[in-house]
Each structure stands twice: as structure tokens, then as C-alpha cells.
Amino acid sequence: MSGQGPVRVVVVDDHRLFRAGVRAELGEEVSVVGEAGDVSGAAALISELVPDVVLLDVHMPDGGGQAVIEAVAACHPDVRFLALSVSDAAEDVIAVIRAGARGYVTKTISGAALTDAVRRVADGDAVFSPRLAGFVLDAFAAEPAPAGTTVTFDPELDQLTRREREVLRLIARGYAYKEVARELSISVKTVETHVSAVLRKLQLSSRHQLTRWASERRLL
Amino acid sequence: MRPSTAVSGITPSPTPTNALLLGDPPGGSAWSGRAIIERITDDARSPERFPGGQRWARWRAPRQPGPLRRSRTDPMVGGVAGGLGARLGVDGNVVRLAFVALVLADGSGLALYVLAWLVIVRQGEESSVAHRALADRRTIALGLALATVLGSVLVAMAALGLVVLAGVVWPASLAAAGLVVLWRGLAEDEKAFLRRAAEQATLPGLPDRRTRRSSVFRVGVGVALVLVGLGTLVAVRHPSASSLEALGPVAVIVLGFLVVFGPWWLAVARDLAVERRERVRTQERADVAAVVHDSVLQTLALIQRSADDPTEVVRLARAQERELRSWLFDGRPPGSFDAREVTTLAQGVGVLQREVEESHRVSIEAVVVGDCLLDDALRALLAAGREATVNAAAWSGVASVSLYAEVETTRVSLYVRDRGRGFDPGAVSGDRRGIAQSIRARMARHGGTAGIRSTPGEGTEVELVMARPGVPS
């Protein structure tokens, strides 16, 4: 998808000012082809334009970003979603990711970093902000699900490898992918592979904590 | 024993202490903020902290979990009793009394104490004294030599029939040998303490006002008394003599020892008390200096940087004034993560983030994984983290700072990272209080570690790690 001109982006957010801000901030590599301010409008627009990437607000009336993805993803599997939010609520963010978004960034992100994130999502990579990395580390805490719960535990999906944990930790500490790669003496491509693997686990895992943990934050 | 006049002379009323604190630079020779320190200490030690009522409060102390360490905060000689007390949850003085009782019983208390001093690692240090000393072959030789000398004395005494004294000699020789090993492995500040005690031992009880002559006379009298007593004791030691007859000579011997060593014992006891108070004060001074640095000095630096913006200067000065007032008059140290409002690590990180964002106009990306309740050590971790964050906000030259806290079962770590101009950590001089006092020393005082990694042009990352005490599950 890259290398064929600018990435085509649709911005979905219920705040008009914010949409204008994003449009102004995104760099040359990205062109905003459409904007939508609510869930139904967004679904229609995305089906019509079929953009490369949808920048999606997590919080909107009538179901938020999650509803948009659910309405569109089935008929347009090539459209990729990047969640954007000021929200601190882990359960909302995780819900959007589990619905199919390929990453999550906070709205305080700089224009250049946002452009870079859009580019990555368009290329099929996952984009983890420090906050999302923190959420995931929290959700995949080392302790297994409490005894007595009848959750099937699939080690393949329900646990992070040591390397994935290291990568997430560095991202949570504010390291960019390039810096993570240098720190761990691996290639950027490998970092991307790890992050994509984590994203997959996040979306497919039936881990107990992922569905319930948000309401009761672990107090070790 | 009177407390030093400088302290007892100051009343705890807030007004004069305020003036004094502001009038004197921290670290100056006359630390006039002393009254404040005394007040803080008093508050901290008031019996309300112990829920079990006041009767036993004097004997109890908060139990300190984690590995056994020689105390840095409550030492009288080597910090052994203080450390043991903290571990067992009793006051250090209770343990001290137990040691003294053992010394009086058969002398083994002394040997035990010295051994403990040798093998228990001091708070904030990484290896024990014995570990360091035994790396040196000469130390072992010296210790053995001394032990054999004392062993010969033991044999000689047994030959003279002084079996009673012989029981005291083996712990004494063990202790003496231990002391030699101790001396060679001690950290510098502990060495200085022992040196002072030893200097007084070589000039027994020689106060400044007295002449050497009178002292020589006194020692002469004392030695004569001891010899007379010993002579009589040997004379009366034949089978027909009753045990009562020995009492007189023994009393004479004791009197002789008192005449020779009494003044010295008094002086040592006095010095120990003064020394101990001085150390407590030094520690408190370091804490106050850290607080003043974090608040006042940082604000002054901010004011210098925004000198061309009068409204900003006024805002900063006002905020600082409010903070200082609430510290001096309400006893709420700035940045102490007040126990009433903040109880968990995640809350503390939130407060830290908000405050630094407000005062320094930067954005802070804070991520917390896991959470736990705050204790004193974790409050210190947060305070050090705030200092690191403030440093990043003030000096890195970039507008955003990353903060990452993670609670694991055995430790809590906090990372502060910026992508700013960075610096050479080796080139920071010791008088830069921020890193030395507010971060490194503060972490060390509570048993944690601080690491700083910075590359000029690429940014800085501060890593703070505090071990967690055993968690009840």
C-alpha cells in the first residue's frame, strides 16, 4: 500500500475542531479524504470511500469507535483502523482494539508522530502508544487467572513471551520502535513482528482479565 | 546529660523558625532550621503512630520488612541493635539493653555484637564488613595475632587461678579480633567514629581543663589500688579463708578501676549520646535540604528562566510562598505525597504528573502497570521520581516527558525519560544537589537504587527501583 502516493485517511470524531486540528497536523504523506462526526455517518462514508486508514475516536455517542469498526470491518476487511483518544479508561481502549483497531494513540501525540503512526497502520503494522503498552502489560499480568474460574487457558494466546514483555516495557517507558530495536539489539522489523503478535493475542485471547479486569484494577 | 544548648534554647513557635530558616542558607555552618527539624522528628515519633495504646508504645517500633540490615537511621555504635529492633518490631533500645545484659553476664554480648557488626550488611551498602575485610590477607593475620595474644593472657590467668576472670576473656579476645577485622573493612564514616572513641581511650579521661600531671597522679592512685587489691586477694586465697574475706579486696580493685577509667567511661557515654543526636540531625538535615531543593531552589531556577515574564514570575513566587507556608505552619512538607490524600502508587504518579505539568508547562505521558499501597519507601520513590521529572522538564529542553511505573511482586520501578539534550552524568559535580541528594541519597536512605543514563543530544533516562517488602497474600 505504501509507495502509491499519500495514504488516504478518513477522520471520525464527534468534535469538529479536533477533526480540523488533525487535518492541519498530518503531513504530506497523508491526505484526509473525508470526515465524519457520528457512527452511522462514518459507516456510510467509509463504505463509500474505502480509505486506507480510519482515524477513529474511541468515545462517540451511539457506541463509539467500536460500533464503527463492527459496522464496516466485515464488508471492507482492507480498511485499517487506528484508535485515538484522550480517555484513560482501559476497558474502552481494549474494546476498540479487540473489535479490530490496529493501534491506539493518545490525542496529545505530535503531528509528525501521528503521520508516522498512520503510515505504519497502512503498512499493516500495529501501533502501540506507551499507554496501550501499559494497558496490555496490566491485562497480561504474570499471574494466571484466579483459581476456580472456568476459563480455558491457552498459553499460545493468553500469555506474552518474555521478549514481547520486554518490548512492551520499553514502549511504555517512552521508547520509539527504533530505540527499542537498538536497546534490545534486534531489528526494527523484529520489533514490529513482536508488537503485531501482541496485538493478535490481544484480539483473540479469551483471557479472563481482558474481559473483567478493567472494572477492578489489580492492587498487588 | 543535657541536650546541647543550641537546641533546647529554641522554642517550637513557628515565627522565629520561619525567620531563621529563610535567613540561613542550607548547608551553612550554623543550621538554624534545627528547631523545625526537631519538630518534625517529634511529630514523627509521637505514640499515635502505634495503634496498640501508649503503654507499650515506647517499646515498639514499626516492623521493617525485608532483609536484616544494620541501621543507618538509628545507630548508637554500629547500628546492629537499631537494625535488629526494626526487623523485630521493637525499639532499638530494647535490643541494646539485651546486649548490655549479655556483656555483663559473661562478656559474650560484646563478641556477639562485634560479630553481628561484621556480618550484617549496612543499610544502603552492598557487602558486609567481613566480606570486605576478608579480601585482605593482612587483616586475617592481624586478627589471628591479636587472638593469640589474648589467648596467652587467658592461659596465664588460668595458671594464676583467676578462673572467674578467664570466663570473660574468651569473648573479649573474640571481640578484639573482630574489632581489628572490623576496622579494616569499615566504611569511612564509621571509621571516623571509632577513631574518635579510640583517641579518647589513649588519653584516659583527660579533659581539656585538667593538667596532664593530675591525670598521671589519678592513674597512679588507681593502679596502686588495683595492685593492692590483687595482692590482698592472693594473700587471702588459702583454703581456710571464708568467701566473705575476699569481698574487701575485690571492692578495692573495683574502686581502682573506677578511679582509672571512670572519667573516661563518662566522657565516652556523653560523646556517644551527642554523637547519636548529631547523626539523627544530619539525617534530618539531609531530608530538609532535599525538600528545600525540590521546592524553593527549583522555583528560583524557574524564576530566573522566566525573568522577562513578570506575570509568570509572580505566579511562581505566589505558588512557592503558599507551599512554603503550608510546610512551615501546617507541617506539610511540599511534595510529600500526603498520606491523607494519596494512598496508592497510581494515585501518587497521577499527582506527580499533574503537579509537574502545572508548574513546568510540559506534557507528561504517565503509564502505570499494576498498583499497590504506598509506604514510606514508596513515597520516597515518588519524591525522587518527581525530582527526576522536574529535572527533565526544566533542563531537557523538550516539551514532553515519559513516566513509567511498574509494580511487580518483588519490586517497584519508576522510569523517567526525556528525549532532550542530555548530559554527561560523570561530569555533574557533587554539589548539584538534585541528583546527589534528592535522587540518589533519598533512594539509598530507603534501601532503593537510582540509575541515570544520559547521552548528550539523545536524552536522559532515570531508573528508580525500590524493593518491595514481603507481600501478605
# chains A, B, ... in the order shown; residues from 1 in each chain; ligands from 1
>>> interface_residues(of="chain A", to="chain B", cutoff="9 Å", atoms="only C-alpha atoms", output="ChimeraX atom specification")
/A:108,130-138,141,169,172-175,217-220
>>> write_last_selection(atoms="N, CA and C atoms", output="PDB file, in the first residue's frame")
ATOM      1  N   THR A 108      -2.745  13.632  22.505  1.00  0.00           N
ATOM      2  CA  THR A 108      -1.661  14.590  22.726  1.00  0.00           C
ATOM      3  C   THR A 108      -0.490  14.332  21.783  1.00  0.00           C
ATOM      4  N   PRO A 130       2.710   4.348  24.441  1.00  0.00           N
ATOM      5  CA  PRO A 130       3.118   3.895  25.772  1.00  0.00           C
ATOM      6  C   PRO A 130       1.915   3.468  26.611  1.00  0.00           C
ATOM      7  N   ARG A 131       0.840   4.208  26.502  1.00  0.00           N
ATOM      8  CA  ARG A 131      -0.308   3.896  27.349  1.00  0.00           C
ATOM      9  C   ARG A 131      -0.914   2.537  26.994  1.00  0.00           C
ATOM     10  N   LEU A 132      -1.036   2.274  25.704  1.00  0.00           N
ATOM     11  CA  LEU A 132      -1.589   0.970  25.312  1.00  0.00           C
ATOM     12  C   LEU A 132      -0.666  -0.154  25.778  1.00  0.00           C
ATOM     13  N   ALA A 133       0.648   0.080  25.634  1.00  0.00           N
ATOM     14  CA  ALA A 133       1.595  -0.938  26.102  1.00  0.00           C
ATOM     15  C   ALA A 133       1.375  -1.210  27.585  1.00  0.00           C
ATOM     16  N   GLY A 134       1.153  -0.124  28.349  1.00  0.00           N
ATOM     17  CA  GLY A 134       0.892  -0.278  29.781  1.00  0.00           C
ATOM     18  C   GLY A 134      -0.368  -1.080  30.036  1.00  0.00           C
ATOM     19  N   PHE A 135      -1.436  -0.757  29.296  1.00  0.00           N
ATOM     20  CA  PHE A 135      -2.699  -1.488  29.450  1.00  0.00           C
ATOM     21  C   PHE A 135      -2.493  -2.978  29.199  1.00  0.00           C
ATOM     22  N   VAL A 136      -1.755  -3.278  28.137  1.00  0.00           N
ATOM     23  CA  VAL A 136      -1.576  -4.680  27.773  1.00  0.00           C
ATOM     24  C   VAL A 136      -0.758  -5.415  28.831  1.00  0.00           C
ATOM     25  N   LEU A 137       0.314  -4.748  29.320  1.00  0.00           N
ATOM     26  CA  LEU A 137       1.111  -5.374  30.374  1.00  0.00           C
ATOM     27  C   LEU A 137       0.243  -5.655  31.591  1.00  0.00           C
ATOM     28  N   ASP A 138      -0.629  -4.724  31.887  1.00  0.00           N
ATOM     29  CA  ASP A 138      -1.533  -4.879  33.013  1.00  0.00           C
ATOM     30  C   ASP A 138      -2.474  -6.068  32.793  1.00  0.00           C
ATOM     31  N   ALA A 141      -0.914  -9.627  32.997  1.00  0.00           N
ATOM     32  CA  ALA A 141      -0.033  -9.711  34.158  1.00  0.00           C
ATOM     33  C   ALA A 141       0.413 -11.150  34.330  1.00  0.00           C
ATOM     34  N   ARG A 169       7.500  -3.181  27.614  1.00  0.00           N
ATOM     35  CA  ARG A 169       8.001  -2.368  28.710  1.00  0.00           C
ATOM     36  C   ARG A 169       8.741  -1.149  28.192  1.00  0.00           C
ATOM     37  N   ALA A 172       6.361   1.305  26.795  1.00  0.00           N
ATOM     38  CA  ALA A 172       5.692   2.006  27.890  1.00  0.00           C
ATOM     39  C   ALA A 172       6.602   3.057  28.508  1.00  0.00           C
ATOM     40  N   ARG A 173       7.912   2.816  28.465  1.00  0.00           N
ATOM     41  CA  ARG A 173       8.860   3.788  29.022  1.00  0.00           C
ATOM     42  C   ARG A 173       9.094   4.955  28.079  1.00  0.00           C
ATOM     43  N   GLY A 174       8.462   4.935  26.919  1.00  0.00           N
ATOM     44  CA  GLY A 174       8.581   6.067  26.007  1.00  0.00           C
ATOM     45  C   GLY A 174       9.554   5.847  24.862  1.00  0.00           C
ATOM     46  N   TYR A 175      10.006   4.611  24.663  1.00  0.00           N
ATOM     47  CA  TYR A 175      10.927   4.332  23.570  1.00  0.00           C
ATOM     48  C   TYR A 175      10.168   4.197  22.255  1.00  0.00           C
ATOM     49  N   ARG A 217      -9.178  -2.805  38.997  1.00  0.00           N
ATOM     50  CA  ARG A 217      -7.761  -2.719  38.706  1.00  0.00           C
ATOM     51  C   ARG A 217      -6.970  -3.494  39.755  1.00  0.00           C
ATOM     52  N   ARG A 218      -5.991  -4.235  39.246  1.00  0.00           N
ATOM     53  CA  ARG A 218      -5.205  -5.048  40.163  1.00  0.00           C
ATOM     54  C   ARG A 218      -4.527  -4.196  41.233  1.00  0.00           C
ATOM     55  N   LEU A 219      -4.712  -4.577  42.452  1.00  0.00           N
ATOM     56  CA  LEU A 219      -3.990  -3.926  43.536  1.00  0.00           C
ATOM     57  C   LEU A 219      -3.106  -4.975  44.186  1.00  0.00           C
ATOM     58  N   LEU A 220      -1.874  -5.034  43.742  1.00  0.00           N
ATOM     59  CA  LEU A 220      -0.974  -6.101  44.213  1.00  0.00           C
ATOM     60  C   LEU A 220      -0.736  -5.978  45.708  1.00  0.00           C
TER      61      LEU A 220
END
>>> residues_around(residues="Tyr113 in chain B", least_positions_apart="3", cutoff="9 Å", atoms="only C-alpha atoms", output="VMD selection string")
chain B and resid 78 80 to 81 99 108 to 110 116 to 118 175
>>> select_by_dssp(residues="range 14-218 of chain A", states="helix (DSSP H, G or I)", output="PyMOL selection string")
chain A and resi 16-25+39-49+64-72+90-99+111-122+130-139+155-158+162-172+177-184+188-204+208-215
>>> select_by_dssp(residues="range 2-144 of chain A", states="strand (DSSP E or B)", output="JSON, numbers by chain")
{"A": [7, 8, 9, 10, 11, 12, 30, 31, 32, 33, 34, 35, 36, 53, 54, 55, 56, 57, 80, 81, 82, 83, 84, 85, 103, 104, 105, 106, 127, 128]}
>>> closest_residue(among="A:Val167, A:Val30, A:Ala197, A:Ala99", to="Gly5 in chain A", atoms="only C-alpha atoms")
A:Val30
>>> atom_distance(atom1="CA of Ala126 in chain A", atom2="CA of Ala181 in chain A")
15.3 Å
>>> residues_around(residues="range 36-41 of chain A", least_positions_apart="4", cutoff="12 Å", atoms="only C-alpha atoms", output="PyMOL selection string")
chain A and resi 9-20+32+45-49+54-72
>>> write_last_selection(atoms="N, CA and C atoms", output="compact mmCIF listing (two decimals), in the first residue's frame")
# COMPACT_ATOMS: atom_id res chain seq x y z
N VAL A 9 -6.96 8.85 4.17
CA VAL A 9 -7.42 8.74 5.56
C VAL A 9 -8.80 9.35 5.72
N VAL A 10 -9.64 8.69 6.51
CA VAL A 10 -10.91 9.28 6.95
C VAL A 10 -10.81 9.53 8.45
N VAL A 11 -11.20 10.72 8.88
CA VAL A 11 -11.15 11.05 10.30
C VAL A 11 -12.56 10.99 10.88
N VAL A 12 -12.73 10.17 11.91
CA VAL A 12 -14.04 10.05 12.55
C VAL A 12 -13.94 10.53 13.99
N ASP A 13 -14.61 11.66 14.27
CA ASP A 13 -14.57 12.21 15.62
C ASP A 13 -15.77 13.12 15.77
N ASP A 14 -16.40 13.12 16.95
CA ASP A 14 -17.59 13.96 17.08
C ASP A 14 -17.25 15.42 17.36
N HIS A 15 -15.97 15.75 17.51
CA HIS A 15 -15.60 17.16 17.70
C HIS A 15 -15.05 17.73 16.39
N ARG A 16 -15.76 18.71 15.84
CA ARG A 16 -15.35 19.26 14.56
C ARG A 16 -13.98 19.90 14.65
N LEU A 17 -13.75 20.60 15.78
CA LEU A 17 -12.48 21.29 15.97
C LEU A 17 -11.31 20.30 15.94
N PHE A 18 -11.57 19.18 16.57
CA PHE A 18 -10.49 18.19 16.60
C PHE A 18 -10.20 17.64 15.21
N ARG A 19 -11.27 17.40 14.43
CA ARG A 19 -11.07 16.91 13.06
C ARG A 19 -10.24 17.91 12.25
N ALA A 20 -10.58 19.20 12.43
CA ALA A 20 -9.83 20.23 11.72
C ALA A 20 -8.37 20.23 12.16
N VAL A 32 -6.28 13.60 3.95
CA VAL A 32 -7.56 13.33 4.57
C VAL A 32 -8.64 13.44 3.49
N LEU A 45 -19.76 6.68 5.05
CA LEU A 45 -18.64 7.34 4.38
C LEU A 45 -17.52 6.35 4.07
N ILE A 46 -17.20 5.51 5.05
CA ILE A 46 -16.11 4.55 4.87
C ILE A 46 -16.47 3.55 3.77
N SER A 47 -17.74 3.10 3.76
CA SER A 47 -18.15 2.16 2.71
C SER A 47 -18.06 2.81 1.34
N GLU A 48 -18.30 4.09 1.29
CA GLU A 48 -18.28 4.79 0.01
C GLU A 48 -16.85 5.05 -0.46
N LEU A 49 -15.98 5.55 0.46
CA LEU A 49 -14.64 5.97 0.06
C LEU A 49 -13.61 4.83 0.08
N VAL A 54 -8.62 4.54 8.82
CA VAL A 54 -9.61 5.37 9.50
C VAL A 54 -9.06 5.76 10.86
N LEU A 55 -8.97 7.08 11.11
CA LEU A 55 -8.60 7.57 12.44
C LEU A 55 -9.88 7.65 13.25
N LEU A 56 -9.95 6.93 14.34
CA LEU A 56 -11.22 6.67 14.97
C LEU A 56 -11.20 7.12 16.43
N ASP A 57 -12.13 7.99 16.78
CA ASP A 57 -12.26 8.40 18.18
C ASP A 57 -12.86 7.24 18.97
N VAL A 58 -12.30 6.98 20.13
CA VAL A 58 -12.81 5.88 20.94
C VAL A 58 -14.19 6.22 21.49
N HIS A 59 -14.35 7.47 21.92
CA HIS A 59 -15.59 7.87 22.57
C HIS A 59 -16.47 8.69 21.63
N MET A 60 -17.64 8.14 21.28
CA MET A 60 -18.62 8.90 20.49
C MET A 60 -20.00 8.44 20.95
N PRO A 61 -21.01 9.28 20.73
CA PRO A 61 -22.36 8.81 21.05
C PRO A 61 -22.70 7.57 20.21
N ASP A 62 -23.62 6.76 20.64
CA ASP A 62 -24.10 5.58 19.91
C ASP A 62 -23.04 4.50 19.69
N GLY A 63 -22.22 4.25 20.70
CA GLY A 63 -21.35 3.08 20.59
C GLY A 63 -19.89 3.34 20.33
N GLY A 64 -19.55 4.56 19.95
CA GLY A 64 -18.14 4.92 19.80
C GLY A 64 -17.44 4.18 18.67
N GLY A 65 -16.12 4.19 18.73
CA GLY A 65 -15.29 3.62 17.68
C GLY A 65 -15.58 2.15 17.44
N GLN A 66 -15.87 1.46 18.53
CA GLN A 66 -16.15 0.02 18.45
C GLN A 66 -17.30 -0.25 17.47
N ALA A 67 -18.37 0.57 17.56
CA ALA A 67 -19.54 0.37 16.71
C ALA A 67 -19.19 0.60 15.24
N VAL A 68 -18.35 1.60 14.97
CA VAL A 68 -17.96 1.89 13.59
C VAL A 68 -17.24 0.68 13.00
N ILE A 69 -16.27 0.14 13.76
CA ILE A 69 -15.49 -0.99 13.26
C ILE A 69 -16.42 -2.17 12.98
N GLU A 70 -17.32 -2.44 13.93
CA GLU A 70 -18.21 -3.59 13.78
C GLU A 70 -19.11 -3.45 12.55
N ALA A 71 -19.50 -2.19 12.24
CA ALA A 71 -20.38 -1.98 11.10
C ALA A 71 -19.66 -2.15 9.77
N VAL A 72 -18.35 -1.85 9.75
CA VAL A 72 -17.65 -1.77 8.47
C VAL A 72 -16.74 -2.97 8.19
>>> residues_around(residues="range 314-323 of chain B", least_positions_apart="3", cutoff="8 Å", atoms="only C-alpha atoms", output="list in words")
Ser295, Val296, Thr299, Leu302, Ile303, Pro310, Thr311, Ser326, Trp327, Pro334 and Ser359 of chain B
>>> residues_around(residues="Ser31 in chain A", least_positions_apart="2", cutoff="9 Å", atoms="only C-alpha atoms", output="VMD selection string")
chain A and resid 6 to 10 23 26 to 29 33
>>> write_last_selection(atoms="N, CA and C atoms", output="compact mmCIF listing (two decimals), in the first residue's frame")
# COMPACT_ATOMS: atom_id res chain seq x y z
N PRO A 6 0.10 9.37 -1.34
CA PRO A 6 -0.26 9.57 0.06
C PRO A 6 -1.29 8.55 0.53
N VAL A 7 -1.23 8.25 1.82
CA VAL A 7 -2.20 7.35 2.44
C VAL A 7 -3.54 8.07 2.54
N ARG A 8 -4.62 7.41 2.12
CA ARG A 8 -5.95 8.04 2.17
C ARG A 8 -6.59 7.77 3.53
N VAL A 9 -6.96 8.85 4.17
CA VAL A 9 -7.42 8.74 5.56
C VAL A 9 -8.80 9.35 5.72
N VAL A 10 -9.64 8.69 6.51
CA VAL A 10 -10.91 9.28 6.95
C VAL A 10 -10.81 9.53 8.45
N ARG A 23 -6.51 17.33 10.58
CA ARG A 23 -6.29 17.60 9.16
C ARG A 23 -5.10 18.54 8.97
N LEU A 26 -1.56 16.62 10.04
CA LEU A 26 -1.00 15.48 9.31
C LEU A 26 -0.08 15.96 8.19
N GLY A 27 0.98 15.23 7.96
CA GLY A 27 1.99 15.65 6.99
C GLY A 27 1.59 15.34 5.55
N GLU A 28 2.52 15.54 4.67
CA GLU A 28 2.31 15.40 3.23
C GLU A 28 1.98 13.97 2.81
N GLU A 29 2.53 13.02 3.55
CA GLU A 29 2.36 11.62 3.16
C GLU A 29 0.92 11.15 3.32
N VAL A 33 -9.28 12.31 3.18
CA VAL A 33 -10.25 12.31 2.08
C VAL A 33 -11.68 12.50 2.59
>>> atom_distance(atom1="CA of Ala113 in chain A", atom2="CA of Pro51 in chain A")
20.0 Å
